[in-house]
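Report on the structure given below.
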Amino acid sequence: MANNDNKILLTELYPLVEKALSKKENTVKLKQAVNDFLDRNNEKLTTLGPIYRIIFSPEDMNKLYDAIEVNPLAIKSMIKKSSVIKGQWQIMNNPFNSAIAMAIRYYKLKKNDEMVKVLLIYLTMSMYSSLHFKYFKYEPNVNIMNYTINNLSNKFKIKQMGTIYHALVDTTILSDKTNSDILERGYDKDIVDYIMAVKTRLNSLLRKLSIEFYKNEKEKRYLNVDSDSYDEDNYHEADSNMYAIERITNNVVLKLIVDGPNMKHISLSAKLCRVSVNELRNYLNTMIVSSRHEEIKAIIECILFLFLFDSQNTIEDINSSKFFIYCNEIYRKSNTTDKNIIKIKKILDGWLEELGTYKKTERLATINDFRKALFIFFVASIENTSFA
């Protein structure tokens with residue numbers, strides 16, 4: 001059993017956090033703070049690699065303190081009492097880290113997985129801001145970074161995840177899963193270990209990537225997607241389109257996760273397909289909060305692949321009526337062997353079955369209307385988000 005001076009955060013800070021977060025309005029504040037931060041940095045976070053700097057400001061930190069209703073100076077006073085949190089441990093002398101760890105602990109104990117993830121994202125962004133400055137003296141050249149990531153082995157998380165945002169957040173989530181027990185126990189050493197584990201993993205991810213980047217920069221290795229090489233025109237065009245598909249897909253998915261389904265797109269889809277706006281909205285909300293993100297990503301990728309590769313359209317055409325007309329036509333194809341169209345319809349059918357549409361009605365027409373409404377919603381989301 002730890003002595004009282006070894007569990008200062010648990011006995012002094014946590015009760016204040018628990019009291020504040022038991023108020024619904026403070027949970028709303030936290031969620032809004034994270035949404036605002038991601039909206040502000042959306043384009044910087046949906047690149048393939050850590051190209052752009054993000055700033056996690058004192059104002060961003062204050063939004064957490066405001067939600068837990070504790071002054072950061074009071075947290076610093078508590079930290080000084082702990083015999084475990086040594087003065088030279090700069091990461092723990094930042095009161096934000098102790099505060100967010102206790103807030104994450106609160107939502108874990110309340111079994112609120114959604115808010116745990118929201119705060120893990122916020123913790124990730126706070127650390128990424130400083131780590132980017134640590135490993136990149138200036139914002140990296142886009143073409144060198146793209147070359148770097150394109151030539152990484154699949155053991156690199158960033159190669160697997162598609163964007164720097166997803167790589168960073170997945171790293172933190174994995175660390176959280178590994179150290180969940182010690183956070184719930186909550187002694188001062190546990191909090192130190194929990195925060196240090198996250199920082200260590202994120203540090204490792206960016207350190208390894210920076211080594212590869214600077215090696216390629218020194219050797220002048222670029223991925224020039226606008227190359228005029230006459231021998232490889234088709235290759236470069238295809239390569240550019242693949243990167244566009246990846247970037248646009250991640251941009252759309254991130255916007256859906258952060259903002260939720262756009263009501264204009266829902267209303268348009270429901271009206272065109274003669275289904276209930278409320279039911280369609282409920283289905284889409286259920287899918288997004290139940291973490292069907294990989295399936296959503298797959299549908300968006302398939303639509304873009306069909307449009308850019310099978311019909312040889314341009315990236316610029318995505319924001320035109322040509323895109324909507326084309327997507328409407330591919331949906332109508334019934335006797336098709338195209339693997340992308342088959343995959344889209346298989347995912348849509350799976351959703352409808354799981355969400356209960358098949359159980360609510362035996363009318364095939366109604367089922368088909370809902371399936372098409374879901375499809376049209378994602379087409380509209382792509383068309384309006386791709387270059388945001």
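Labels for the structure tokens follow display order: chains A, B, ..., residues from 1 in each chain, ligands from 1.
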
For Asn203 in chain A, work out the shell of residues within 12 Å, counting only C-alpha atoms and skipping chain neighbours fewer than 2 positions away, then give it as a ChimeraX atom specification. /A:124,127-135,168,171-172,196-201,205-210

Please provide as an MDAnalysis selection string all residues within 12 Å of Phe323 in chain A, with the sequence filter that same-chain residues fewer than 2 positions apart are discarded (counting only C-alpha atoms). chainID A and resid 303:304 306:308 311:321 325:330 376 379:384 386

Can you pull out the residues contacting Tyr52 in chain A? Cut-off 12 Å, using only C-alpha atoms, and skip same-chain residues under 6 positions away; I want them as an NGL selection string. :A and (41-46 or 128-129 or 132-133 or 136-142 or 145 or 164-165)

Take the selection from the previous step and output its residues with C-alpha atoms, as a PDB file, in the first residue's frame.
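The file below, result_23.pdb, is the result:
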```pdb
ATOM      1  CA  ASN A  41      -5.684  21.515 -37.698  1.00  0.00           C
ATOM      2  CA  ASN A  42      -7.569  19.161 -40.004  1.00  0.00           C
ATOM      3  CA  GLU A  43      -5.459  19.718 -43.123  1.00  0.00           C
ATOM      4  CA  LYS A  44      -2.196  19.522 -41.168  1.00  0.00           C
ATOM      5  CA  LEU A  45      -3.129  16.209 -39.570  1.00  0.00           C
ATOM      6  CA  THR A  46      -4.452  14.371 -42.631  1.00  0.00           C
ATOM      7  CA  TYR A 128       2.867  15.825 -30.886  1.00  0.00           C
ATOM      8  CA  SER A 129       3.148  19.601 -30.927  1.00  0.00           C
ATOM      9  CA  HIS A 132       7.490  17.833 -33.985  1.00  0.00           C
ATOM     10  CA  PHE A 133       9.659  20.779 -32.922  1.00  0.00           C
ATOM     11  CA  PHE A 136      12.085  18.617 -37.276  1.00  0.00           C
ATOM     12  CA  LYS A 137      13.996  21.902 -37.202  1.00  0.00           C
ATOM     13  CA  TYR A 138      11.703  23.148 -39.980  1.00  0.00           C
ATOM     14  CA  GLU A 139       8.583  21.843 -41.694  1.00  0.00           C
ATOM     15  CA  PRO A 140       9.719  18.896 -43.853  1.00  0.00           C
ATOM     16  CA  ASN A 141       9.651  19.047 -47.638  1.00  0.00           C
ATOM     17  CA  VAL A 142       6.431  17.371 -48.798  1.00  0.00           C
ATOM     18  CA  MET A 145       8.442  13.087 -46.746  1.00  0.00           C
ATOM     19  CA  ILE A 164       0.083  11.091 -39.369  1.00  0.00           C
ATOM     20  CA  TYR A 165      -3.080  11.678 -37.303  1.00  0.00           C
TER      21      TYR A 165
END
```

What lies within 6 Å of Asn6 in chain A using only C-alpha atoms, ignoring chain neighbours under 5 positions off, as a PDB file with C-alpha atoms, in the first residue's frame?
```
ATOM      1  CA  SER A  82       4.516  14.132  -4.024  1.00  0.00           C
ATOM      2  CA  VAL A  84       7.398  10.319  -6.367  1.00  0.00           C
ATOM      3  CA  ASP A 188       1.548   8.957  -8.326  1.00  0.00           C
TER       4      ASP A 188
END
```

Could you tell me which of A:Met263, A:Leu16, A:Leu109, A:Ile158 comes closest to Asp181 in chain A if we count only C-alpha atoms? A:Leu109

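Counting only C-alpha atoms and comparing A:Gln90, A:Asn282, A:Thr337, A:Ser180, the residue that lies closest to Gly260 in chain A is A:Asn282.
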
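Considering the residues A:His293, A:Arg105, A:Arg53, A:Lys76 and counting only C-alpha atoms, Glu184 in chain A has its shortest atom-to-atom contact with A:Arg105.
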